[in-house]
Every structure is written in C-alpha cells, then in structure tokens.
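Novice: Contents of coords.txt (compact mmCIF, C-alpha atoms):
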```
# COMPACT_ATOMS: atom_id res chain seq x y z
CA MET A 1 0.00 0.00 0.00
CA ALA A 2 1.21 3.50 -0.76
CA GLY A 3 1.99 5.96 2.02
CA ASP A 4 -1.28 7.72 1.23
CA GLY A 5 -3.10 4.47 1.93
CA LEU A 6 -3.92 3.81 -1.71
CA PRO A 7 -2.90 0.57 -3.42
CA ARG A 8 -0.41 0.83 -6.29
CA ILE A 9 -0.77 -1.04 -9.53
CA ALA A 10 1.14 -1.51 -12.77
CA VAL A 11 -0.29 -1.92 -16.27
CA ALA A 12 1.46 -4.52 -18.42
CA GLY A 13 0.70 -3.55 -22.00
CA ALA A 14 0.60 -0.34 -24.01
CA GLY A 15 -1.63 -1.37 -26.92
CA ILE A 16 -4.94 0.11 -28.11
CA PHE A 17 -7.04 -1.08 -25.18
CA ALA A 18 -4.49 -0.06 -22.54
CA ARG A 19 -4.25 3.44 -24.05
CA THR A 20 -7.92 4.05 -24.86
CA GLN A 21 -9.62 2.27 -21.94
CA TYR A 22 -7.31 1.46 -19.02
CA ILE A 23 -5.57 4.83 -18.79
CA PRO A 24 -8.80 6.91 -19.06
CA ARG A 25 -10.64 4.62 -16.59
CA LEU A 26 -7.72 4.72 -14.11
CA ARG A 27 -7.79 8.53 -14.40
CA GLU A 28 -11.46 8.39 -13.28
CA ILE A 29 -10.58 6.34 -10.19
CA ALA A 30 -7.28 8.07 -9.33
CA HIS A 31 -8.75 8.76 -5.85
CA LEU A 32 -8.85 4.99 -5.24
CA VAL A 33 -5.64 3.66 -6.79
CA VAL A 34 -2.19 4.87 -7.85
CA LEU A 35 -0.83 3.90 -11.28
CA LYS A 36 2.80 3.26 -10.36
CA ALA A 37 4.22 1.80 -13.57
CA ILE A 38 3.46 0.91 -17.16
CA TRP A 39 5.26 -1.87 -19.01
CA SER A 40 5.65 -2.62 -22.69
CA ARG A 41 8.00 -4.74 -24.76
CA THR A 42 9.80 -1.61 -25.96
CA GLN A 43 10.97 1.50 -24.14
CA GLU A 44 9.39 3.70 -26.81
CA SER A 45 5.83 2.34 -26.41
CA ALA A 46 6.07 2.29 -22.60
CA GLU A 47 7.12 5.96 -22.57
CA ALA A 48 4.40 6.98 -25.05
CA ALA A 49 1.69 5.31 -22.92
CA ALA A 50 3.10 6.76 -19.67
CA GLU A 51 2.82 10.27 -21.12
CA LEU A 52 -0.95 9.74 -21.52
CA ALA A 53 -1.19 9.07 -17.76
CA ARG A 54 1.25 11.68 -16.52
CA ASP A 55 -1.54 14.19 -15.64
CA PHE A 56 -3.00 11.92 -12.91
CA ALA A 57 0.06 9.74 -12.22
CA PRO A 58 2.94 12.27 -12.18
CA ASP A 59 5.42 9.74 -10.73
CA ILE A 60 4.58 6.93 -13.17
CA GLU A 61 7.57 4.76 -14.04
CA CYS A 62 8.28 3.19 -17.43
CA ARG A 63 9.32 -0.44 -17.59
CA TRP A 64 10.12 -2.48 -20.67
CA GLY A 65 11.47 -5.84 -21.79
CA ASP A 66 12.18 -8.83 -19.55
CA ALA A 67 14.12 -6.69 -17.09
CA GLY A 68 11.11 -4.40 -16.68
CA LEU A 69 8.83 -7.35 -15.83
CA GLU A 70 11.35 -8.53 -13.21
CA GLU A 71 11.37 -5.03 -11.71
CA ILE A 72 7.56 -5.00 -11.41
CA MET A 73 7.52 -8.49 -9.88
CA GLY A 74 10.22 -7.48 -7.41
CA ASP A 75 8.64 -4.15 -6.40
CA PRO A 76 6.96 -4.72 -3.01
CA SER A 77 4.98 -1.45 -3.33
CA ILE A 78 3.05 -2.78 -6.34
CA SER A 79 0.04 -4.81 -5.13
CA GLY A 80 -1.71 -5.46 -8.43
CA VAL A 81 -1.01 -5.76 -12.14
CA ALA A 82 -3.40 -5.27 -15.06
CA VAL A 83 -2.34 -7.62 -17.86
CA VAL A 84 -3.51 -6.04 -21.13
CA LEU A 85 -1.58 -7.89 -23.81
CA ALA A 86 -2.12 -10.10 -26.86
CA GLY A 87 -4.49 -12.99 -26.06
CA GLN A 88 -1.79 -15.54 -26.89
CA VAL A 89 0.58 -14.41 -24.09
CA GLN A 90 -1.67 -13.14 -21.30
CA VAL A 91 -2.11 -16.37 -19.33
CA GLU A 92 1.62 -17.02 -19.07
CA LEU A 93 2.33 -13.48 -17.84
CA SER A 94 -0.65 -13.51 -15.44
CA LEU A 95 0.64 -16.71 -13.82
CA LYS A 96 4.12 -15.20 -13.52
CA MET A 97 2.73 -12.14 -11.73
CA LEU A 98 0.47 -14.25 -9.48
CA LYS A 99 3.42 -16.45 -8.55
CA ALA A 100 5.29 -13.27 -7.55
CA GLY A 101 2.39 -12.47 -5.19
CA LYS A 102 0.73 -9.79 -7.30
CA HIS A 103 -3.06 -9.58 -7.64
CA VAL A 104 -3.88 -9.71 -11.35
CA ILE A 105 -6.70 -8.39 -13.50
CA GLN A 106 -6.26 -9.98 -16.92
CA GLU A 107 -8.01 -8.66 -20.00
CA LYS A 108 -10.26 -11.08 -21.87
CA PRO A 109 -10.25 -13.62 -23.41
CA ALA A 110 -9.40 -15.88 -20.47
CA SER A 111 -7.51 -18.20 -22.81
CA GLY A 112 -7.36 -19.45 -26.39
CA SER A 113 -8.81 -22.83 -25.40
CA THR A 114 -10.38 -24.69 -22.49
CA MET A 115 -7.23 -26.84 -22.33
CA GLU A 116 -5.09 -23.74 -21.70
CA ALA A 117 -7.58 -22.49 -19.09
CA GLU A 118 -7.66 -25.85 -17.26
CA LYS A 119 -3.88 -26.01 -17.13
CA ALA A 120 -3.68 -22.39 -15.93
CA LEU A 121 -6.28 -22.96 -13.19
CA SER A 122 -4.49 -26.06 -11.96
CA ILE A 123 -1.19 -24.10 -11.72
CA TYR A 124 -2.95 -21.22 -9.93
CA ASN A 125 -4.74 -23.58 -7.54
CA SER A 126 -1.41 -25.22 -6.67
CA PHE A 127 0.05 -21.93 -5.40
CA PRO A 128 0.33 -22.04 -1.60
CA ASN A 129 -1.87 -19.69 0.39
CA GLU A 130 1.00 -17.49 1.51
CA PHE A 131 2.22 -13.92 0.90
CA PRO A 132 0.10 -13.85 3.45
CA TYR A 133 -2.81 -14.39 1.06
CA LYS A 134 -3.43 -16.12 -2.23
CA PRO A 135 -3.36 -13.40 -4.88
CA ILE A 136 -6.61 -12.63 -6.71
CA TRP A 137 -6.89 -13.57 -10.38
CA ALA A 138 -9.60 -11.41 -11.93
CA LEU A 139 -10.66 -11.60 -15.57
CA ALA A 140 -11.89 -8.41 -17.25
CA GLU A 141 -14.82 -8.84 -19.64
CA ASN A 142 -16.80 -5.89 -18.23
CA TYR A 143 -20.30 -7.04 -19.34
CA ARG A 144 -21.04 -8.66 -15.97
CA PHE A 145 -20.49 -5.21 -14.42
CA GLU A 146 -22.72 -3.25 -16.79
CA PRO A 147 -25.74 -1.93 -14.81
CA ALA A 148 -27.99 -2.95 -17.73
CA PHE A 149 -27.14 -6.62 -17.12
CA VAL A 150 -27.18 -6.33 -13.32
CA GLU A 151 -30.67 -4.76 -13.41
CA SER A 152 -32.01 -7.04 -16.17
CA ARG A 153 -30.96 -10.09 -14.16
CA LYS A 154 -33.29 -8.86 -11.37
CA LEU A 155 -36.18 -8.46 -13.86
CA MET A 156 -35.86 -12.11 -14.91
CA SER A 157 -37.78 -13.23 -11.82
CA ASP A 158 -40.83 -11.36 -13.18
CA ILE A 159 -41.07 -13.02 -16.61
CA GLY A 160 -42.26 -16.44 -15.40
CA ASP A 161 -40.80 -19.57 -17.00
CA MET A 162 -38.29 -18.91 -19.77
CA MET A 163 -39.62 -20.03 -23.16
CA ASN A 164 -36.85 -18.99 -25.54
CA ILE A 165 -33.79 -16.77 -25.86
CA GLN A 166 -32.40 -14.77 -28.78
CA VAL A 167 -28.94 -13.24 -28.95
CA ILE A 168 -28.32 -11.25 -32.13
CA ILE A 169 -24.91 -9.74 -32.71
CA GLU A 170 -24.31 -7.77 -35.90
CA GLY A 171 -20.88 -6.30 -35.27
CA SER A 172 -18.98 -3.46 -36.91
CA MET A 173 -15.49 -4.91 -37.35
CA ASN A 174 -14.55 -3.05 -40.53
CA SER A 175 -11.44 -1.14 -41.63
CA SER A 176 -12.49 1.94 -39.62
CA ASN A 177 -12.46 -0.10 -36.38
CA PRO A 178 -9.13 0.35 -34.51
CA TYR A 179 -8.96 -3.41 -33.84
CA PHE A 180 -9.52 -4.42 -37.50
CA ASN A 181 -5.79 -4.71 -38.24
CA SER A 182 -4.82 -6.06 -34.81
CA SER A 183 -2.49 -8.92 -35.77
CA TRP A 184 -2.92 -10.95 -32.58
CA ARG A 185 -6.72 -10.88 -32.90
CA ARG A 186 -6.54 -11.88 -36.57
CA ASN A 187 -4.26 -14.80 -35.70
CA PHE A 188 -6.25 -15.85 -32.65
CA VAL A 189 -8.13 -19.17 -32.62
CA GLY A 190 -11.60 -18.60 -34.10
CA GLY A 191 -10.56 -15.20 -35.49
CA PHE A 192 -12.67 -12.39 -34.05
CA ILE A 193 -15.48 -14.82 -33.05
CA LEU A 194 -13.77 -15.90 -29.82
CA ASP A 195 -12.18 -12.59 -28.88
CA MET A 196 -15.37 -10.55 -29.42
CA GLY A 197 -17.76 -13.36 -28.56
CA VAL A 198 -16.75 -13.80 -24.91
CA HIS A 199 -18.45 -10.46 -24.16
CA PHE A 200 -21.77 -11.55 -25.64
CA ILE A 201 -21.67 -14.98 -23.99
CA SER A 202 -20.84 -13.42 -20.61
CA GLY A 203 -23.85 -11.11 -21.02
CA LEU A 204 -26.07 -14.07 -21.95
CA ARG A 205 -24.92 -16.22 -19.01
CA MET A 206 -25.27 -13.32 -16.59
CA LEU A 207 -28.80 -12.57 -17.81
CA VAL A 208 -30.25 -16.11 -17.80
CA GLY A 209 -28.53 -17.36 -14.65
CA SER A 210 -28.19 -20.89 -16.03
CA GLU A 211 -25.22 -22.53 -17.73
CA ILE A 212 -25.23 -23.46 -21.43
CA ALA A 213 -25.17 -27.25 -21.67
CA THR A 214 -25.10 -28.05 -25.41
CA VAL A 215 -24.65 -26.22 -28.71
CA SER A 216 -25.10 -27.00 -32.38
CA SER A 217 -23.62 -24.46 -34.80
CA ILE A 218 -22.92 -23.60 -38.40
CA SER A 219 -20.18 -21.08 -39.18
CA ARG A 220 -19.18 -19.50 -42.48
CA HIS A 221 -16.47 -17.30 -43.92
CA VAL A 222 -18.27 -14.67 -45.99
CA ASP A 223 -16.24 -11.45 -45.71
CA LYS A 224 -12.75 -12.31 -46.99
CA ALA A 225 -11.32 -9.13 -45.42
CA LEU A 226 -11.85 -10.85 -42.04
CA PRO A 227 -10.19 -14.00 -40.66
CA PRO A 228 -12.37 -17.15 -40.73
CA PRO A 229 -15.02 -17.71 -39.56
CA ASP A 230 -16.81 -14.36 -39.57
CA ASN A 231 -20.39 -15.65 -39.18
CA ILE A 232 -21.81 -18.21 -36.78
CA CYS A 233 -25.38 -19.34 -36.08
CA SER A 234 -25.86 -21.52 -33.05
CA LEU A 235 -28.74 -23.31 -31.37
CA PHE A 236 -28.04 -23.75 -27.65
CA GLN A 237 -29.78 -25.36 -24.70
CA LEU A 238 -29.40 -24.27 -21.10
CA GLU A 239 -29.05 -26.71 -18.22
CA ASN A 240 -32.59 -25.66 -17.18
CA GLY A 241 -33.91 -26.97 -20.52
CA CYS A 242 -34.66 -23.64 -22.19
CA ALA A 243 -33.32 -23.26 -25.74
CA GLY A 244 -32.15 -20.24 -27.67
CA VAL A 245 -30.32 -18.97 -30.71
CA PHE A 246 -27.04 -17.09 -30.93
CA VAL A 247 -26.50 -15.33 -34.28
CA PHE A 248 -23.20 -13.50 -34.70
CA ALA A 249 -21.87 -11.60 -37.72
CA VAL A 250 -18.47 -10.03 -37.03
CA ASN A 251 -19.14 -7.22 -39.50
CA SER A 252 -22.52 -6.00 -40.65
CA ARG A 253 -23.74 -2.96 -42.57
CA SER A 254 -26.33 -2.22 -39.87
CA PRO A 255 -24.81 -2.99 -36.46
CA LYS A 256 -27.22 -4.36 -33.85
CA ILE A 257 -26.52 -6.04 -30.52
CA LEU A 258 -29.44 -7.59 -28.67
CA TRP A 259 -30.32 -10.15 -25.98
CA ARG A 260 -33.98 -11.10 -25.60
CA VAL A 261 -35.61 -13.59 -23.21
CA ASP A 262 -39.26 -14.46 -23.66
CA GLY A 263 -41.10 -15.86 -20.64
CA THR A 264 -44.63 -17.02 -19.81
CA LYS A 265 -45.34 -13.73 -17.99
CA GLY A 266 -43.19 -11.21 -19.82
CA THR A 267 -40.07 -10.38 -21.81
CA VAL A 268 -36.70 -8.83 -21.01
CA GLN A 269 -34.64 -7.30 -23.81
CA ILE A 270 -31.25 -5.57 -23.71
CA GLU A 271 -30.17 -3.67 -26.79
CA ARG A 272 -27.04 -1.64 -27.49
CA GLY A 273 -28.04 1.98 -28.10
CA PHE A 274 -27.36 5.68 -27.77
CA ALA A 275 -29.26 8.23 -25.67
CA SER A 276 -28.54 11.82 -24.54
CA GLY A 277 -25.08 11.72 -26.08
CA LYS A 278 -24.06 8.48 -24.37
CA HIS A 279 -23.50 4.93 -25.62
CA GLY A 280 -25.07 2.22 -23.52
CA TYR A 281 -27.96 -0.24 -23.32
CA GLN A 282 -31.69 0.15 -23.64
CA VAL A 283 -33.49 -2.33 -21.37
CA LEU A 284 -37.10 -3.19 -22.28
CA PHE A 285 -39.29 -5.04 -19.82
CA SER A 286 -42.75 -6.14 -20.99
CA SER A 287 -44.93 -7.38 -18.15
CA GLU A 288 -48.01 -9.58 -17.91
CA ASN A 289 -50.37 -6.61 -18.04
CA GLY A 290 -48.96 -5.58 -21.43
CA GLN A 291 -47.06 -2.59 -20.15
CA CYS A 292 -43.58 -1.94 -21.51
CA GLN A 293 -41.01 -0.20 -19.35
CA THR A 294 -37.83 1.17 -20.96
CA THR A 295 -34.65 2.22 -19.15
CA PHE A 296 -31.35 3.40 -20.62
CA TYR A 297 -28.06 2.55 -18.87
CA PRO A 298 -24.84 4.22 -20.11
CA PHE A 299 -21.71 2.05 -20.44
CA CYS A 300 -19.58 1.88 -17.30
CA GLY A 301 -18.56 -1.79 -17.07
CA VAL A 302 -14.80 -1.24 -17.39
CA ASN A 303 -14.92 1.41 -14.68
CA GLU A 304 -17.06 -0.72 -12.30
CA GLU A 305 -14.86 -3.77 -12.88
CA LEU A 306 -11.65 -1.87 -12.09
CA LYS A 307 -13.24 -0.39 -8.95
CA ALA A 308 -14.21 -3.91 -7.81
CA PHE A 309 -10.65 -5.14 -8.42
CA VAL A 310 -9.14 -2.24 -6.44
CA HIS A 311 -11.63 -2.85 -3.62
CA ASP A 312 -10.63 -6.54 -3.57
CA ILE A 313 -6.91 -5.64 -3.39
CA VAL A 314 -7.52 -3.34 -0.42
CA GLN A 315 -9.66 -5.96 1.38
CA ALA A 316 -7.28 -8.86 0.62
CA ASN A 317 -4.34 -6.87 1.95
CA LYS A 318 -6.28 -6.43 5.23
CA ASP A 319 -7.83 -9.89 5.42
CA GLY A 320 -6.30 -12.98 3.82
CA ASP A 321 -9.71 -14.72 3.79
CA HIS A 322 -11.40 -11.97 1.74
CA MET A 323 -13.67 -13.44 -0.96
CA ALA A 324 -12.99 -11.64 -4.23
CA GLU A 325 -15.83 -10.43 -6.51
CA PRO A 326 -17.15 -13.64 -8.15
CA ARG A 327 -18.25 -11.88 -11.36
CA SER A 328 -14.64 -11.28 -12.37
CA SER A 329 -13.18 -14.63 -11.30
CA TYR A 330 -10.94 -16.23 -13.93
CA VAL A 331 -13.19 -19.30 -14.03
CA GLU A 332 -16.13 -17.20 -15.28
CA GLY A 333 -14.04 -16.13 -18.26
CA ALA A 334 -13.02 -19.75 -18.86
CA ARG A 335 -16.73 -20.72 -18.98
CA ASP A 336 -17.34 -18.09 -21.68
CA VAL A 337 -14.44 -19.47 -23.73
CA ALA A 338 -15.85 -23.01 -23.28
CA VAL A 339 -19.18 -22.03 -24.89
CA LEU A 340 -17.53 -20.46 -27.95
CA GLU A 341 -15.05 -23.31 -28.27
CA ALA A 342 -17.98 -25.76 -28.34
CA MET A 343 -19.75 -23.62 -30.99
CA LEU A 344 -16.63 -23.57 -33.18
CA GLU A 345 -16.10 -27.32 -32.67
CA SER A 346 -19.70 -28.05 -33.62
CA SER A 347 -19.46 -25.95 -36.78
CA ALA A 348 -16.23 -27.73 -37.77
CA ASN A 349 -18.30 -30.95 -37.61
CA GLN A 350 -21.27 -29.80 -39.73
CA GLY A 351 -23.39 -28.74 -36.79
CA THR A 352 -23.04 -31.86 -34.61
CA MET A 353 -24.31 -31.25 -31.08
CA VAL A 354 -21.42 -30.59 -28.67
CA GLN A 355 -21.45 -30.61 -24.87
CA VAL A 356 -19.96 -27.45 -23.36
CA LYS A 357 -16.93 -28.20 -21.19
CA LYS A 358 -17.67 -27.54 -17.51
CA PHE A 359 -15.50 -25.52 -15.17
```
Show this structure as structure tokens.
Specialist:
Amino acid sequence: MAGDGLPRIAVAGAGIFARTQYIPRLREIAHLVVLKAIWSRTQESAEAAAELARDFAPDIECRWGDAGLEEIMGDPSISGVAVVLAGQVQVELSLKMLKAGKHVIQEKPASGSTMEAEKALSIYNSFPNEFPYKPIWALAENYRFEPAFVESRKLMSDIGDMMNIQVIIEGSMNSSNPYFNSSWRRNFVGGFILDMGVHFISGLRMLVGSEIATVSSISRHVDKALPPPDNICSLFQLENGCAGVFVFAVNSRSPKILWRVDGTKGTVQIERGFASGKHGYQVLFSSENGQCQTTFYPFCGVNEELKAFVHDIVQANKDGDHMAEPRSSYVEGARDVAVLEAMLESSANQGTMVQVKKF
C-alpha cells in the first residue's frame, strides 16, 4: 500500500485497449488507486503510454522488456497488475505475476482454449496460500459489471418460465475499427469470433442465470477481409432446458446487438443503443399486463470492474480470507471461452451437437 493508503498497480501492456480504456478509466478512479508503472516490450511504447497518464500519475515509471517485468515483480509497493496484452501471451504473464504475489486483473479472453484455461487454473490452484494471502486472479470482460445486465438479471424473476432466448450480434469490425488490423486478434483461434464473442456470452450467461449445456452451430467465412469464420449461427440449450439462438456476424452494414428472453409472464430485452449523447444499453421489460417499461443505462462496465478489483486488493491486503468479486473470477471467463469453443467445434463438424466443457 502507498503511504497515502492507496494501493499501487502496474499496467502490463501499451496497446490500443491499454491506451484508450485502461488509462482513461484509471484517471477516473485516481482517488482509489495509484498507477505506479506501465510496461511494454519496448521503451518507446512504454514511454508513449506513460505520457498519456502523466496528468494523474505524475510519478509513473516506465518499464520495458524482460528486465522491466522482473522489476515489477520485485517491487513490493506494487500490489496489483493489469495484464492487457495479446491474447496468446496473457495467461503465461498472469501466472508469472500471481506467482510473484501480485493480484492480477487480466483482459479477456481468459484463454485461447479450455485446455489452456484448465492447465492455468491447476497451476494457480497449486500456489500455496501465503504472501500472506493467495493473490486474486480477476478476468476483465466488463459485461457482468454493466448496470444494464445487473438490473435485467433482477427483472428475470418477473417473466415467469423462460420459453426462448435470442442473442443477435451484428458487429462493426470493418477497416475503420481500430482493432480491425490487430495482428494478434486476426491470428487468434476462431478469429474475431472468440475474442469478441466472450463479451456476448458473458452477457447471456449473466442474464439467464443458467449454464449453457449443449450447442449446435454452423459457421461460415463470408467477408474475406476478415479471418475465418466471420459468421456463426448456433442453437443452444441451457441446463434448465430452455433453448435459444445465438446469431453472430463479425461485421454488418447495420450494427445491432441484442439479448432477448421471452417468458410465460413477460419479456426482457437488452439492446445496445445511444441516448442523450451516451452509448449504452436500452433495457425493455414487458410485463403480464402488457405494459412496456424502458430504461437506458450508459456504459460503465470497465470502470465498475476496475473499482471492484481495487476494492478486492484493499480488502485482501487487510484480510487474507477476503472473498474476491465472483463476477470477475478467472473461471467465469473460462466458462465463456468453453461455450464459444464448443460452438466452433460443432461448426467444424457440420453442426453436430457438442457438450460445453464444464468448469
């Protein structure tokens, strides 16, 4: 903990998301946490990212290369590390930081496969409960922290028995999107489907409160400017028996993002939208008496998730038995990967039904 009583963290990564999301969000919570250091593979990118944070973190230190990682791991004043790197290397670095006793918040996706996630969890679970606590391993997907999903989950008790579910994702991953040319995303397993898809699956699982048991999917590669596959249609069944469809186009001319659950007494729908100058979600709740109530919730998932992580660091440093926020546990992210992996596996086998791996 810093002399001012605030925990100190480092950000490992200086890519698009670190610069456009982590630094601005950490600026907003500078009264709760001190950004002590930023690391990148090269000195140049670490220094460029640090400049963006200098206004709220005047003493920020730049670290780069292997030596820089060692310095962060060996710095007793740094309690937590945000790992915001290419999906292919995040798990390895997260485990390294955890082993050094640092709390970690790792950007999604949790892993490139369920096999990688299982291996990572078994390594993490084998760490002794010392330091004098077991460090927290949080996974940042932010949808579970969006007020729209938190509030919609509460409305689910008013729609009676679930009859069917629709998730429609018409994305906007075109050449004007900053992530379009991201080489690690293009080379990632499942192309953009897995990297983008974990958000939409986490929203779905949070909303319905039941795990996805089986999937049957067909995927296609339509837009040759994108890595394959870029379209997937999946029929899924929850453990509670309810079925639904998940339709995902990585790039569409008319972007639309929607979750809809139809029940015997009403319907809950969450749709990406824009109101009073803010991006967020429109939540529609239709009740038994035919009335429709609409509420708009601006985006703030990244902010809420980081606040929860900082709160957990503070509590864990006081009390080794502190239970970290379950919504951002690494295993939740692994469950999202498992659903998409099953969808991709099914589509590789002409739509054969596949059981989702359990965590």
Novice: In Å, with one decimal, what is the gap from atom CA of Gly197 of chain A to atom CA of Val11 of chain A?
Specialist: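 Result for atom CA of Gly197 of chain A versus atom CA of Val11 of chain A: 24.2 Å, one decimal.
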Novice: Using all atoms listed in the file, which protein or nucleic acid residues come within 8 Å of Glu170 of chain A? Drop anything in the same chain fewer than 5 positions from it, and give the result as a PyMOL selection string.
Specialist: chain A and resi 248-252+254-257
Novice: Within 10 Å of (-8.0, -0.2, -10.1) in the file's own coordinates, which protein, DNA or RNA residues have an atom, counting only C-alpha atoms? List them as number ranges by chain.
Specialist: A: 7-10, 22, 25-35, 80-82, 105, 303-313
Novice: Rank nothing, just name the residue among A:Ser329, A:Asn349, A:Ser287, A:Ser122 nearest to Gln106 of chain A, using all atoms listed in the file.
Specialist: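 Result for the nearest residue to Gln106 of chain A: A:Ser329.
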Novice: With all atoms of segment 287-305 of chain A from the file as input, state the centre and edge lengths in Å to one decimal of the axis-aligned box that has 5 Å extra on each side, as AutoDock Vina command-line options.
Specialist:
```
--center_x -32.6 --center_y -2.7 --center_z -16.9 --size_x 45.6 --size_y 23.8 --size_z 19.2
```
Novice: Once you count all atoms listed in the file, which residues end up no further than 10 Å from (-20.8, -2.3, -15.6) in the file's frame, shown as a list in words?
Specialist: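 Every residue inside that radius is included here: Glu141, Asn142, Tyr143, Arg144, Phe145, Glu146, Pro147, Ala148, Phe149, Val150, Tyr297, Pro298, Phe299, Cys300, Gly301, Val302, Asn303, Glu304, Glu305 and Leu306 of chain A.
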Novice: Given only C-alpha atoms as the basis, pick out the residue of A:Asp4, A:His322, A:Gln355, A:Ile218 nearest to Phe246 of chain A.
Specialist: A:Ile218
Novice: Would you mind telling me which residue in A:Val189, A:Cys62, A:Leu155, A:Ala12 lies nearest to Gln90 of chain A when using all atoms listed in the file?
Specialist: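 Checking each of A:Val189, A:Cys62, A:Leu155, A:Ala12 against Gln90 of chain A, counting all atoms listed in the file, the winner is A:Ala12.
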Novice: To one decimal place, how far is atom CA of Gly263 of chain A from atom CA of Asp161 of chain A in Å?
Specialist: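 Separation of atom CA of Gly263 of chain A and atom CA of Asp161 of chain A: 5.2 Å.
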Novice: Distance atom CA of Glu288 of chain A-atom CA of Lys265 of chain A, one decimal place?
Specialist: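 Distance between the two atoms: 4.9 Å.
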Novice: Check the smallest atom-to-atom distance from each of A:Leu98, A:Ile23, A:Met162, A:Ile212 to Lys134 of chain A using only C-alpha atoms, then report the winner.
Specialist: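 Among A:Leu98, A:Ile23, A:Met162, A:Ile212, it is A:Leu98 that comes nearest to Lys134 of chain A.
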Novice: Nearest residue to Cys233 of chain A out of A:Lys36, A:Ser126, A:Ser347, A:Val314, using all atoms listed in the file?
Specialist: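 Closest candidate: A:Ser347.
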Novice: Within 9 Å of Asp195 of chain A, counting only C-alpha atoms, which residues show up once you throw out same-chain ones fewer than 4 positions away? Write them as a PyMOL selection string, please.
Specialist: chain A and resi 87+108-109+112+185+188-191+199+337
Novice: How would the residues just picked look written out with C-alpha atoms as a PDB file, in the frame of the given file?
Specialist:
```
ATOM      1  CA  GLY A  87      -4.490 -12.990 -26.060  1.00  0.00           C
ATOM      2  CA  LYS A 108     -10.260 -11.080 -21.870  1.00  0.00           C
ATOM      3  CA  PRO A 109     -10.250 -13.620 -23.410  1.00  0.00           C
ATOM      4  CA  GLY A 112      -7.360 -19.450 -26.390  1.00  0.00           C
ATOM      5  CA  ARG A 185      -6.720 -10.880 -32.900  1.00  0.00           C
ATOM      6  CA  PHE A 188      -6.250 -15.850 -32.650  1.00  0.00           C
ATOM      7  CA  VAL A 189      -8.130 -19.170 -32.620  1.00  0.00           C
ATOM      8  CA  GLY A 190     -11.600 -18.600 -34.100  1.00  0.00           C
ATOM      9  CA  GLY A 191     -10.560 -15.200 -35.490  1.00  0.00           C
ATOM     10  CA  HIS A 199     -18.450 -10.460 -24.160  1.00  0.00           C
ATOM     11  CA  VAL A 337     -14.440 -19.470 -23.730  1.00  0.00           C
TER      12      VAL A 337
END
```
Novice: Rank nothing, just name the residue among A:Val261, A:Val198, A:Ala334, A:Leu238 nearest to Val91 of chain A, using all atoms listed in the file.
Specialist: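 Smallest distance to Val91 of chain A is found for A:Ala334.
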Novice: Any idea what's packed within 12 Å of Ile159 of chain A, counting all atoms listed in the file, ignoring anything in its chain fewer than 3 positions away? Could you give it as a VMD selection string?
Specialist: chain A and resid 152 to 156 162 to 164 208 260 to 269 285 to 290
Novice: For Tyr124 of chain A, work out the shell of residues within 10 Å, counting all atoms listed in the file and skipping chain neighbours fewer than 4 positions away, then give it as a list in words.
Specialist: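 In the requested form, the answer reads Ser94, Leu95, Lys96, Leu98, Lys99, Glu118, Lys119, Ala120, Pro128, Lys134, Pro135, Ile136 and Trp137 of chain A.
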